[in-house]
Amino acid sequence: MSDLHQTVTTGFQTRFDTEPTGLWSAPGRVNLIGEHTDYNDGFVFPFAIDRRTVVALGVRADRLVRVASSFAEETVELSLDDLTPENLEGWSAYPLGVAWALGQFGADLAAVAGFEVFIDSDVPIGAGLSSSAAIESAVAVALNDVWQLGLDRRVLARVGQLAENRAVGAPTGIMDQSASLLGRADAAVFLDCRSLAAEVIPLGFDAAGLELLIIDTRVSHAHSTGGYASRRASCEKGAQLMGVLSLRDLDVDDLARARDLLDDETFRRVRHVVTENQRVLDTVRTLREQGPTAIGALLDASHVSMRDDFEISVPELDLAVETARATGAIGARMTGGGFGGAAIALTPHALIPAVTAAVTAAFAARGFGTPDLFVVRAADGAAREQD
């Protein structure tokens, strides 16, 4: 049993004075490319990472639900009869929101049993690695099993998204949950966020001698705050003014007309999404035709677009990207919702120590807080753990 499995099991036993029915886990994710395209019905290319959230869950004989975690002292309790988004708040809205959302996708919440759950995780919080989707996905697969719902992974991704949108109040798309639920080792998930068609694409990083270095700036961000919501509103405004259902319906050739129709800020928001969609398609094609060593320029261009057109970067992210590239990374970009969080740097294995040292030194020289740097590998998605 891993350390995380042991702490979750012990935490469950301590909080609830009983044994769990089982353990389930789900990974965080890193988005290789395709930022803020998901809620515009576009394309994304994330992969599940080898940092996971583990939940111990036990079924009760009554209607009570109790949730606890290693990162909060309180145990939150309520009845399944009171399980509505309006009654949820704080960290517990993530797991409890999933239980509510399952009811919106066919679970009969008047007939299922209550449950207890204890949560622990080694997915960094606030780093843009989707610790929230890891919680949602782990709880979703657990309840899908113990309530015998029989829902497939794509439906569970929609459950997690609904929980985050309605219970948590974060207007995110479906990318994070899809990556956490559909991920495979050494591969990324090429997801069409309109049709929800998903294809697993081999990355080939190991064979090419490449590592994906995460540079967590430790600048915290929160999706439910104004910056993310305002960017989404700009995208909706741009689509409406351009006469399309979503920005997915535009391509690069439409940008000249968009420049004429839209104010400068809205145009730049639209240009980011349109060009980012194209970069996702180009990245998948380049991986297939030339391999991972050829995608660096696409990662670089993505960061410039997020920095200048979508305006979601911060000085720490820009410094991380610039320093990593100058030290030998073949491509780098901020990842996640923005306004803090992490950057990624696709780096030759032999240069990981040099890039790590250079970024750490650059942050110190600028008076920034010490970043956390670590390598992640593409991993399998959510699953029940062996007892």
# chains A, B, ... in the order shown; residues from 1 in each chain; ligands from 1
call {"tool": "residues_around", "arguments": {"residues": "Asp41 in chain A", "least_positions_apart": "4", "cutoff": "8 Å", "atoms": "only C-alpha atoms", "output": "VMD selection string"}}
result
chain A and resid 37 192 to 194 246 to 248
call {"tool": "residues_around", "arguments": {"residues": "Ile49 in chain A", "least_positions_apart": "5", "cutoff": "7 Å", "atoms": "only C-alpha atoms", "output": "PDB file with N, CA and C atoms, in the first residue's frame"}}
result
ATOM      1  N   PRO A  27      -6.260  11.179 -11.309  1.00  0.00           N
ATOM      2  CA  PRO A  27      -5.090  12.048 -11.430  1.00  0.00           C
ATOM      3  C   PRO A  27      -5.448  13.502 -11.680  1.00  0.00           C
ATOM      4  N   GLY A  28      -4.510  14.367 -11.346  1.00  0.00           N
ATOM      5  CA  GLY A  28      -4.547  15.712 -11.884  1.00  0.00           C
ATOM      6  C   GLY A  28      -4.216  15.660 -13.361  1.00  0.00           C
ATOM      7  N   ARG A  29      -4.183  16.820 -13.975  1.00  0.00           N
ATOM      8  CA  ARG A  29      -3.857  16.838 -15.396  1.00  0.00           C
ATOM      9  C   ARG A  29      -3.006  18.049 -15.709  1.00  0.00           C
ATOM     10  N   VAL A  30      -2.244  17.928 -16.762  1.00  0.00           N
ATOM     11  CA  VAL A  30      -1.580  19.090 -17.322  1.00  0.00           C
ATOM     12  C   VAL A  30      -2.082  19.223 -18.754  1.00  0.00           C
ATOM     13  N   VAL A 376       6.520  15.636 -14.414  1.00  0.00           N
ATOM     14  CA  VAL A 376       5.338  14.767 -14.421  1.00  0.00           C
ATOM     15  C   VAL A 376       5.374  13.874 -15.654  1.00  0.00           C
ATOM     16  N   ARG A 377       4.761  12.728 -15.522  1.00  0.00           N
ATOM     17  CA  ARG A 377       4.640  11.789 -16.638  1.00  0.00           C
ATOM     18  C   ARG A 377       3.165  11.524 -16.919  1.00  0.00           C
ATOM     19  N   ALA A 378       2.871  11.233 -18.159  1.00  0.00           N
ATOM     20  CA  ALA A 378       1.497  10.911 -18.536  1.00  0.00           C
ATOM     21  C   ALA A 378       1.091   9.594 -17.890  1.00  0.00           C
ATOM     22  N   ALA A 379      -0.081   9.575 -17.258  1.00  0.00           N
ATOM     23  CA  ALA A 379      -0.502   8.441 -16.439  1.00  0.00           C
ATOM     24  C   ALA A 379      -1.916   7.997 -16.806  1.00  0.00           C
TER      25      ALA A 379
END
call {"tool": "select_by_dssp", "arguments": {"residues": "range 119-360 of chain A", "states": "helix (DSSP H, G or I)", "output": "PyMOL selection string"}}
result
chain A and resi 131-146+153-168+175-182+226-242+247-249+252-261+264-289+292-294+296-308+315-326+349-360
call {"tool": "atom_distance", "arguments": {"atom1": "CA of Asp253 in chain A", "atom2": "CA of Arg271 in chain A"}}
result
10.7 Å
call {"tool": "residues_around", "arguments": {"residues": "Ala138 in chain A", "least_positions_apart": "4", "cutoff": "12 Å", "atoms": "only C-alpha atoms", "output": "VMD selection string"}}
result
chain A and resid 22 to 28 52 to 57 94 to 95 98 to 99 117 to 121 131 to 134 142 to 145 153 156 to 157 159 to 160 177 180 to 181 381 to 385
